[in-house]
Amino acid sequence: MLTRIDHIGIACFDLDKTVEFYRATYGFEVFHSEVNEEQGVREAMLKINETSDGGASYLQLLEPTRPDSTVAKWLDKNGEGVHHIAFGTADVDQDAADIKDRGVRVLYEEPRRGSMGSRITFLHPKDCHGVLTELVTSAPVESPEH
């Protein structure tokens with residue numbers, strides 16, 4: 001079912017400043033960056049390591065692009081910090097259906113487009129002991145896009 005920790009999402013007010021912190025403090029570099037208009041965020045994926053299933057683990061830094069986005073509302077309530085954890089899966093559709101059958105609310109009827117062309121859905125944090133949980137099926141990544 002779930003194969004790895006795909007990424008940990010971190011909400012921030014200033015993406016460039018936060019990227020610089022992770023670069024200067026830990027030596028992490030931006031592997032990919034994009035603006036996701038649907039979710040109202042500008043994001044940077046910092047690659048941490050490769051994984052045995054051919055995927056990778058990342059930190060995903062998220063800066064809202066509009067005040068009505070989910071991340072902007074979360075920042076207003078909680079301030080900067082860990083926003084969610086994402087688990088990698090070969091089949092987000094099947095795993096989301098299986099988890100839903102176990103009584104966990106799945107937030108999207110159909111998976112949506114995520115970072116780097118992935119397919120994603122979220123699980124309700126109240127059903128996951130307070131943790132917003134994302135399921136991710138990664139798209140094949142041949143080379144970094146910046």
# chains A, B, ... in the order shown; residues from 1 in each chain; ligands from 1

$ closest_atom_pairs --of "range 48-94 of chain A" --to "range 10-26 of chain A" --cutoff "9 Å" --atoms "only C-alpha atoms" --output "tab-separated table"
residue	atom	partner	partner_atom	distance
A:Leu59	CA	A:Ile10	CA	7.2
A:Gln60	CA	A:Ile10	CA	6.0
A:Leu61	CA	A:Ile10	CA	4.9
A:Leu62	CA	A:Ala11	CA	4.8
A:Glu63	CA	A:Cys12	CA	5.3
A:Pro64	CA	A:Phe13	CA	7.4
A:Val71	CA	A:Ala11	CA	6.6
A:Ala72	CA	A:Ala11	CA	8.5
A:Trp74	CA	A:Ala11	CA	8.1
A:Leu75	CA	A:Ala11	CA	6.8
A:Gly79	CA	A:Cys12	CA	7.8
A:Glu80	CA	A:Cys12	CA	5.0
A:Gly81	CA	A:Ile10	CA	5.3
A:Val82	CA	A:Ile10	CA	4.4
A:His83	CA	A:Ile10	CA	5.2
A:His84	CA	A:Ile10	CA	7.1

$ write_last_selection --atoms "C-alpha atoms" --output "mmCIF file, in the first residue's frame"
data_model
loop_
_atom_site.group_PDB
_atom_site.id
_atom_site.type_symbol
_atom_site.label_atom_id
_atom_site.label_comp_id
_atom_site.auth_asym_id
_atom_site.auth_seq_id
_atom_site.Cartn_x
_atom_site.Cartn_y
_atom_site.Cartn_z
ATOM 1 C CA LEU A 59 10.465 18.840 2.099
ATOM 2 C CA GLN A 60 7.696 20.794 0.384
ATOM 3 C CA LEU A 61 7.727 24.484 1.277
ATOM 4 C CA LEU A 62 4.381 26.200 0.652
ATOM 5 C CA GLU A 63 3.701 29.944 0.425
ATOM 6 C CA PRO A 64 0.111 31.063 -0.271
ATOM 7 C CA VAL A 71 -2.504 27.277 3.234
ATOM 8 C CA ALA A 72 -3.155 31.011 3.846
ATOM 9 C CA TRP A 74 -3.863 27.585 7.954
ATOM 10 C CA LEU A 75 -1.024 30.122 8.394
ATOM 11 C CA GLY A 79 1.618 30.338 11.930
ATOM 12 C CA GLU A 80 4.525 28.761 10.094
ATOM 13 C CA GLY A 81 5.284 25.094 10.534
ATOM 14 C CA VAL A 82 4.481 21.547 9.544
ATOM 15 C CA HIS A 83 1.268 21.567 7.517
ATOM 16 C CA HIS A 84 0.958 17.929 6.424
#

$ residues_around --residues "range 114-116 of chain A" --least-positions-apart "2" --cutoff "10 Å" --atoms "only C-alpha atoms" --output "PDB file with N, CA and C atoms, in the first residue's frame"
ATOM      1  N   HIS A  32      12.713  21.267  -7.413  1.00  0.00           N
ATOM      2  CA  HIS A  32      11.610  21.657  -8.288  1.00  0.00           C
ATOM      3  C   HIS A  32      10.840  22.792  -7.635  1.00  0.00           C
ATOM      4  N   SER A  33      10.362  23.719  -8.448  1.00  0.00           N
ATOM      5  CA  SER A  33       9.481  24.765  -7.928  1.00  0.00           C
ATOM      6  C   SER A  33       8.368  25.019  -8.934  1.00  0.00           C
ATOM      7  N   GLU A  34       7.223  25.445  -8.413  1.00  0.00           N
ATOM      8  CA  GLU A  34       6.089  25.733  -9.287  1.00  0.00           C
ATOM      9  C   GLU A  34       5.052  26.535  -8.515  1.00  0.00           C
ATOM     10  N   VAL A  35       4.107  27.087  -9.267  1.00  0.00           N
ATOM     11  CA  VAL A  35       2.923  27.717  -8.686  1.00  0.00           C
ATOM     12  C   VAL A  35       1.755  26.806  -9.020  1.00  0.00           C
ATOM     13  N   ASN A  36       0.998  26.426  -8.005  1.00  0.00           N
ATOM     14  CA  ASN A  36      -0.201  25.618  -8.190  1.00  0.00           C
ATOM     15  C   ASN A  36      -1.394  26.551  -8.013  1.00  0.00           C
ATOM     16  N   GLU A  38      -4.560  26.145  -8.688  1.00  0.00           N
ATOM     17  CA  GLU A  38      -5.752  25.518  -8.113  1.00  0.00           C
ATOM     18  C   GLU A  38      -5.708  25.550  -6.584  1.00  0.00           C
ATOM     19  N   GLN A  39      -4.533  25.270  -6.005  1.00  0.00           N
ATOM     20  CA  GLN A  39      -4.402  25.256  -4.557  1.00  0.00           C
ATOM     21  C   GLN A  39      -3.965  26.607  -3.982  1.00  0.00           C
ATOM     22  N   GLU A  43       5.357  26.876  -4.447  1.00  0.00           N
ATOM     23  CA  GLU A  43       6.022  25.846  -3.666  1.00  0.00           C
ATOM     24  C   GLU A  43       7.418  25.545  -4.191  1.00  0.00           C
ATOM     25  N   ALA A  44       8.213  24.991  -3.296  1.00  0.00           N
ATOM     26  CA  ALA A  44       9.548  24.500  -3.631  1.00  0.00           C
ATOM     27  C   ALA A  44       9.699  23.122  -3.011  1.00  0.00           C
ATOM     28  N   MET A  45      10.176  22.186  -3.811  1.00  0.00           N
ATOM     29  CA  MET A  45      10.447  20.829  -3.332  1.00  0.00           C
ATOM     30  C   MET A  45      11.952  20.709  -3.133  1.00  0.00           C
ATOM     31  N   GLN A  60       8.479  19.947   1.277  1.00  0.00           N
ATOM     32  CA  GLN A  60       7.696  20.794   0.384  1.00  0.00           C
ATOM     33  C   GLN A  60       7.399  22.089   1.135  1.00  0.00           C
ATOM     34  N   PRO A 111      -8.664  12.085  -7.219  1.00  0.00           N
ATOM     35  CA  PRO A 111      -7.349  12.689  -7.002  1.00  0.00           C
ATOM     36  C   PRO A 111      -7.123  13.878  -7.941  1.00  0.00           C
ATOM     37  N   ARG A 112      -6.352  14.824  -7.463  1.00  0.00           N
ATOM     38  CA  ARG A 112      -6.030  16.043  -8.224  1.00  0.00           C
ATOM     39  C   ARG A 112      -4.561  16.050  -8.595  1.00  0.00           C
ATOM     40  N   SER A 118       2.293  14.872 -10.090  1.00  0.00           N
ATOM     41  CA  SER A 118       1.789  13.746  -9.293  1.00  0.00           C
ATOM     42  C   SER A 118       0.265  13.787  -9.222  1.00  0.00           C
ATOM     43  N   ARG A 119      -0.304  12.708  -8.718  1.00  0.00           N
ATOM     44  CA  ARG A 119      -1.731  12.627  -8.431  1.00  0.00           C
ATOM     45  C   ARG A 119      -1.873  12.508  -6.923  1.00  0.00           C
ATOM     46  N   ILE A 120      -2.763  13.337  -6.344  1.00  0.00           N
ATOM     47  CA  ILE A 120      -2.846  13.431  -4.883  1.00  0.00           C
ATOM     48  C   ILE A 120      -4.283  13.433  -4.379  1.00  0.00           C
ATOM     49  N   THR A 121      -4.427  13.071  -3.123  1.00  0.00           N
ATOM     50  CA  THR A 121      -5.641  13.324  -2.363  1.00  0.00           C
ATOM     51  C   THR A 121      -5.238  13.490  -0.903  1.00  0.00           C
ATOM     52  N   VAL A 136       0.145  10.271  -2.327  1.00  0.00           N
ATOM     53  CA  VAL A 136       0.770  10.759  -3.553  1.00  0.00           C
ATOM     54  C   VAL A 136       1.195   9.598  -4.441  1.00  0.00           C
ATOM     55  N   THR A 137       0.770   9.641  -5.694  1.00  0.00           N
ATOM     56  CA  THR A 137       1.355   8.778  -6.714  1.00  0.00           C
ATOM     57  C   THR A 137       2.205   9.689  -7.582  1.00  0.00           C
ATOM     58  N   SER A 138       3.509   9.499  -7.508  1.00  0.00           N
ATOM     59  CA  SER A 138       4.447  10.358  -8.230  1.00  0.00           C
ATOM     60  C   SER A 138       4.412  10.084  -9.716  1.00  0.00           C
ATOM     61  N   ALA A 139       4.604  11.135 -10.492  1.00  0.00           N
ATOM     62  CA  ALA A 139       4.823  10.989 -11.928  1.00  0.00           C
ATOM     63  C   ALA A 139       6.290  10.670 -12.122  1.00  0.00           C
ATOM     64  N   PRO A 140       6.640   9.981 -13.201  1.00  0.00           N
ATOM     65  CA  PRO A 140       8.069   9.737 -13.454  1.00  0.00           C
ATOM     66  C   PRO A 140       8.824  11.063 -13.566  1.00  0.00           C
ATOM     67  N   VAL A 141       9.953  11.151 -12.901  1.00  0.00           N
ATOM     68  CA  VAL A 141      10.763  12.373 -12.933  1.00  0.00           C
ATOM     69  C   VAL A 141      12.083  12.037 -13.598  1.00  0.00           C
ATOM     70  N   PRO A 144      15.335  17.519 -13.057  1.00  0.00           N
ATOM     71  CA  PRO A 144      14.720  18.602 -12.281  1.00  0.00           C
ATOM     72  C   PRO A 144      14.175  19.696 -13.186  1.00  0.00           C
ATOM     73  N   GLU A 145      13.041  20.270 -12.745  1.00  0.00           N
ATOM     74  CA  GLU A 145      12.464  21.448 -13.393  1.00  0.00           C
ATOM     75  C   GLU A 145      12.555  22.588 -12.387  1.00  0.00           C
TER      76      GLU A 145
END

$ select_by_dssp --residues "chain A" --states "strand (DSSP E)" --output "VMD selection string"
chain A and resid 2 to 11 30 to 36 41 to 50 56 to 64 81 to 89 112 to 113 119 to 123 133 to 137

$ select_by_dssp --residues "range 7-121 of chain A" --states "alpha helix (DSSP H)" --output "PyMOL selection string"
chain A and resi 15-26+70-78+92-101

$ write_last_selection --atoms "C-alpha atoms" --output "PDB file, in the first residue's frame"
ATOM      1  CA  LEU A  15       9.130  31.045   0.332  1.00  0.00           C
ATOM      2  CA  ASP A  16      12.447  32.585  -0.734  1.00  0.00           C
ATOM      3  CA  LYS A  17      13.499  33.301   2.841  1.00  0.00           C
ATOM      4  CA  THR A  18      12.488  29.799   3.959  1.00  0.00           C
ATOM      5  CA  VAL A  19      14.340  28.148   1.051  1.00  0.00           C
ATOM      6  CA  GLU A  20      17.438  30.122   2.005  1.00  0.00           C
ATOM      7  CA  PHE A  21      17.169  28.902   5.608  1.00  0.00           C
ATOM      8  CA  TYR A  22      17.071  25.243   4.526  1.00  0.00           C
ATOM      9  CA  ARG A  23      19.899  25.824   2.051  1.00  0.00           C
ATOM     10  CA  ALA A  24      22.156  27.645   4.534  1.00  0.00           C
ATOM     11  CA  THR A  25      21.345  25.453   7.540  1.00  0.00           C
ATOM     12  CA  TYR A  26      21.131  21.961   6.046  1.00  0.00           C
ATOM     13  CA  THR A  70      -6.158  26.630   2.367  1.00  0.00           C
ATOM     14  CA  VAL A  71      -2.504  27.277   3.234  1.00  0.00           C
ATOM     15  CA  ALA A  72      -3.155  31.011   3.846  1.00  0.00           C
ATOM     16  CA  LYS A  73      -6.016  30.180   6.196  1.00  0.00           C
ATOM     17  CA  TRP A  74      -3.863  27.585   7.954  1.00  0.00           C
ATOM     18  CA  LEU A  75      -1.024  30.122   8.394  1.00  0.00           C
ATOM     19  CA  ASP A  76      -3.461  32.694   9.823  1.00  0.00           C
ATOM     20  CA  LYS A  77      -4.596  30.169  12.424  1.00  0.00           C
ATOM     21  CA  ASN A  78      -1.339  28.322  13.202  1.00  0.00           C
ATOM     22  CA  VAL A  92      -3.583   6.719  -5.045  1.00  0.00           C
ATOM     23  CA  ASP A  93      -7.058   5.819  -6.342  1.00  0.00           C
ATOM     24  CA  GLN A  94      -7.074   2.307  -4.890  1.00  0.00           C
ATOM     25  CA  ASP A  95      -5.382   3.210  -1.620  1.00  0.00           C
ATOM     26  CA  ALA A  96      -7.739   6.160  -1.052  1.00  0.00           C
ATOM     27  CA  ALA A  97     -10.723   3.867  -1.677  1.00  0.00           C
ATOM     28  CA  ASP A  98      -9.339   1.243   0.711  1.00  0.00           C
ATOM     29  CA  ILE A  99      -8.698   3.829   3.426  1.00  0.00           C
ATOM     30  CA  LYS A 100     -12.165   5.324   2.912  1.00  0.00           C
ATOM     31  CA  ASP A 101     -13.622   1.821   3.403  1.00  0.00           C
TER      32      ASP A 101
END

$ residues_around --residues "Gly88 in chain A" --least-positions-apart "4" --cutoff "9 Å" --atoms "only C-alpha atoms" --output "list in words"
Met1, Leu2, Thr3, Arg4, Ile5, Asp6, His7, Gly55, Val92, Glu134, Leu135, Val136, Thr137 and Ser138 of chain A

$ atom_distance --atom1 "CA of Tyr108 in chain A" --atom2 "CA of Leu123 in chain A"
8.5 Å

$ closest_residue --among "A:Arg66, A:Tyr58, A:Ile85, A:Asn49" --to "Gly130 in chain A" --atoms "only C-alpha atoms"
A:Ile85

$ atom_distance --atom1 "CA of Ala90 in chain A" --atom2 "CA of Val106 in chain A"
17.3 Å

$ decode --residues "range 92-105 of chain A" --atoms "all heavy atoms" --output "PDB file, in the first residue's frame"
ATOM      1  N   VAL A  92      -2.854   5.832  -5.951  1.00  0.00           N
ATOM      2  CA  VAL A  92      -3.583   6.719  -5.045  1.00  0.00           C
ATOM      3  C   VAL A  92      -5.085   6.435  -5.084  1.00  0.00           C
ATOM      4  O   VAL A  92      -5.747   6.507  -4.048  1.00  0.00           O
ATOM      5  CB  VAL A  92      -3.264   8.209  -5.332  1.00  0.00           C
ATOM      6  CG1 VAL A  92      -3.805   8.666  -6.665  1.00  0.00           C
ATOM      7  CG2 VAL A  92      -3.772   9.107  -4.210  1.00  0.00           C
ATOM      8  N   ASP A  93      -5.619   6.086  -6.244  1.00  0.00           N
ATOM      9  CA  ASP A  93      -7.058   5.819  -6.342  1.00  0.00           C
ATOM     10  C   ASP A  93      -7.452   4.622  -5.474  1.00  0.00           C
ATOM     11  O   ASP A  93      -8.394   4.706  -4.680  1.00  0.00           O
ATOM     12  CB  ASP A  93      -7.451   5.544  -7.802  1.00  0.00           C
ATOM     13  CG  ASP A  93      -7.197   6.731  -8.705  1.00  0.00           C
ATOM     14  OD1 ASP A  93      -8.081   7.597  -8.795  1.00  0.00           O
ATOM     15  OD2 ASP A  93      -6.111   6.805  -9.305  1.00  0.00           O
ATOM     16  N   GLN A  94      -6.736   3.527  -5.629  1.00  0.00           N
ATOM     17  CA  GLN A  94      -7.074   2.307  -4.890  1.00  0.00           C
ATOM     18  C   GLN A  94      -6.829   2.473  -3.389  1.00  0.00           C
ATOM     19  O   GLN A  94      -7.657   2.086  -2.570  1.00  0.00           O
ATOM     20  CB  GLN A  94      -6.272   1.114  -5.412  1.00  0.00           C
ATOM     21  CG  GLN A  94      -6.673  -0.210  -4.770  1.00  0.00           C
ATOM     22  CD  GLN A  94      -8.128  -0.561  -5.037  1.00  0.00           C
ATOM     23  OE1 GLN A  94      -8.548  -0.650  -6.187  1.00  0.00           O
ATOM     24  NE2 GLN A  94      -8.913  -0.754  -3.982  1.00  0.00           N
ATOM     25  N   ASP A  95      -5.685   3.059  -3.040  1.00  0.00           N
ATOM     26  CA  ASP A  95      -5.382   3.210  -1.620  1.00  0.00           C
ATOM     27  C   ASP A  95      -6.356   4.172  -0.935  1.00  0.00           C
ATOM     28  O   ASP A  95      -6.765   3.938   0.204  1.00  0.00           O
ATOM     29  CB  ASP A  95      -3.938   3.647  -1.415  1.00  0.00           C
ATOM     30  CG  ASP A  95      -2.969   2.505  -1.684  1.00  0.00           C
ATOM     31  OD1 ASP A  95      -3.404   1.337  -1.676  1.00  0.00           O
ATOM     32  OD2 ASP A  95      -1.783   2.783  -1.902  1.00  0.00           O
ATOM     33  N   ALA A  96      -6.749   5.239  -1.631  1.00  0.00           N
ATOM     34  CA  ALA A  96      -7.739   6.160  -1.052  1.00  0.00           C
ATOM     35  C   ALA A  96      -9.073   5.444  -0.845  1.00  0.00           C
ATOM     36  O   ALA A  96      -9.722   5.613   0.198  1.00  0.00           O
ATOM     37  CB  ALA A  96      -7.914   7.383  -1.939  1.00  0.00           C
ATOM     38  N   ALA A  97      -9.472   4.620  -1.809  1.00  0.00           N
ATOM     39  CA  ALA A  97     -10.723   3.867  -1.677  1.00  0.00           C
ATOM     40  C   ALA A  97     -10.642   2.879  -0.508  1.00  0.00           C
ATOM     41  O   ALA A  97     -11.596   2.750   0.279  1.00  0.00           O
ATOM     42  CB  ALA A  97     -11.041   3.133  -2.976  1.00  0.00           C
ATOM     43  N   ASP A  98      -9.508   2.198  -0.388  1.00  0.00           N
ATOM     44  CA  ASP A  98      -9.339   1.243   0.711  1.00  0.00           C
ATOM     45  C   ASP A  98      -9.382   1.946   2.075  1.00  0.00           C
ATOM     46  O   ASP A  98     -10.007   1.448   3.019  1.00  0.00           O
ATOM     47  CB  ASP A  98      -8.012   0.487   0.574  1.00  0.00           C
ATOM     48  CG  ASP A  98      -8.004  -0.478  -0.604  1.00  0.00           C
ATOM     49  OD1 ASP A  98      -9.075  -0.767  -1.181  1.00  0.00           O
ATOM     50  OD2 ASP A  98      -6.892  -0.937  -0.965  1.00  0.00           O
ATOM     51  N   ILE A  99      -8.726   3.079   2.164  1.00  0.00           N
ATOM     52  CA  ILE A  99      -8.698   3.829   3.426  1.00  0.00           C
ATOM     53  C   ILE A  99     -10.088   4.380   3.744  1.00  0.00           C
ATOM     54  O   ILE A  99     -10.530   4.363   4.896  1.00  0.00           O
ATOM     55  CB  ILE A  99      -7.612   4.930   3.365  1.00  0.00           C
ATOM     56  CG1 ILE A  99      -6.223   4.263   3.382  1.00  0.00           C
ATOM     57  CG2 ILE A  99      -7.768   5.926   4.498  1.00  0.00           C
ATOM     58  CD1 ILE A  99      -5.071   5.199   3.070  1.00  0.00           C
ATOM     59  N   LYS A 100     -10.791   4.837   2.722  1.00  0.00           N
ATOM     60  CA  LYS A 100     -12.165   5.324   2.912  1.00  0.00           C
ATOM     61  C   LYS A 100     -13.051   4.201   3.447  1.00  0.00           C
ATOM     62  O   LYS A 100     -13.882   4.421   4.335  1.00  0.00           O
ATOM     63  CB  LYS A 100     -12.722   5.863   1.596  1.00  0.00           C
ATOM     64  CG  LYS A 100     -14.088   6.477   1.713  1.00  0.00           C
ATOM     65  CD  LYS A 100     -14.524   7.071   0.384  1.00  0.00           C
ATOM     66  CE  LYS A 100     -15.874   7.744   0.512  1.00  0.00           C
ATOM     67  NZ  LYS A 100     -16.289   8.369  -0.749  1.00  0.00           N
ATOM     68  N   ASP A 101     -12.850   2.979   2.921  1.00  0.00           N
ATOM     69  CA  ASP A 101     -13.622   1.821   3.403  1.00  0.00           C
ATOM     70  C   ASP A 101     -13.348   1.526   4.874  1.00  0.00           C
ATOM     71  O   ASP A 101     -14.158   0.859   5.531  1.00  0.00           O
ATOM     72  CB  ASP A 101     -13.308   0.574   2.572  1.00  0.00           C
ATOM     73  CG  ASP A 101     -13.914   0.625   1.182  1.00  0.00           C
ATOM     74  OD1 ASP A 101     -14.797   1.483   0.932  1.00  0.00           O
ATOM     75  OD2 ASP A 101     -13.488  -0.181   0.324  1.00  0.00           O
ATOM     76  N   ARG A 102     -12.226   2.001   5.391  1.00  0.00           N
ATOM     77  CA  ARG A 102     -11.884   1.803   6.803  1.00  0.00           C
ATOM     78  C   ARG A 102     -12.429   2.928   7.682  1.00  0.00           C
ATOM     79  O   ARG A 102     -12.102   3.004   8.867  1.00  0.00           O
ATOM     80  CB  ARG A 102     -10.373   1.704   6.949  1.00  0.00           C
ATOM     81  CG  ARG A 102      -9.811   0.451   6.298  1.00  0.00           C
ATOM     82  CD  ARG A 102      -8.313   0.361   6.468  1.00  0.00           C
ATOM     83  NE  ARG A 102      -7.830  -0.793   5.748  1.00  0.00           N
ATOM     84  CZ  ARG A 102      -6.888  -0.764   4.821  1.00  0.00           C
ATOM     85  NH1 ARG A 102      -6.294   0.366   4.517  1.00  0.00           N
ATOM     86  NH2 ARG A 102      -6.519  -1.859   4.214  1.00  0.00           N
ATOM     87  N   GLY A 103     -13.209   3.847   7.083  1.00  0.00           N
ATOM     88  CA  GLY A 103     -13.869   4.887   7.856  1.00  0.00           C
ATOM     89  C   GLY A 103     -13.160   6.221   7.913  1.00  0.00           C
ATOM     90  O   GLY A 103     -13.567   7.112   8.652  1.00  0.00           O
ATOM     91  N   VAL A 104     -12.118   6.406   7.118  1.00  0.00           N
ATOM     92  CA  VAL A 104     -11.389   7.675   7.093  1.00  0.00           C
ATOM     93  C   VAL A 104     -11.932   8.529   5.944  1.00  0.00           C
ATOM     94  O   VAL A 104     -12.076   8.043   4.814  1.00  0.00           O
ATOM     95  CB  VAL A 104      -9.870   7.435   6.908  1.00  0.00           C
ATOM     96  CG1 VAL A 104      -9.115   8.750   6.763  1.00  0.00           C
ATOM     97  CG2 VAL A 104      -9.325   6.634   8.083  1.00  0.00           C
ATOM     98  N   ARG A 105     -12.238   9.774   6.242  1.00  0.00           N
ATOM     99  CA  ARG A 105     -12.751  10.672   5.201  1.00  0.00           C
ATOM    100  C   ARG A 105     -11.644  11.069   4.235  1.00  0.00           C
ATOM    101  O   ARG A 105     -10.582  11.515   4.658  1.00  0.00           O
ATOM    102  CB  ARG A 105     -13.359  11.924   5.829  1.00  0.00           C
ATOM    103  CG  ARG A 105     -14.694  11.649   6.513  1.00  0.00           C
ATOM    104  CD  ARG A 105     -15.202  12.852   7.249  1.00  0.00           C
ATOM    105  NE  ARG A 105     -14.455  12.939   8.513  1.00  0.00           N
ATOM    106  CZ  ARG A 105     -14.621  13.895   9.420  1.00  0.00           C
ATOM    107  NH1 ARG A 105     -15.467  14.877   9.199  1.00  0.00           N
ATOM    108  NH2 ARG A 105     -13.928  13.883  10.537  1.00  0.00           N
TER     109      ARG A 105
END
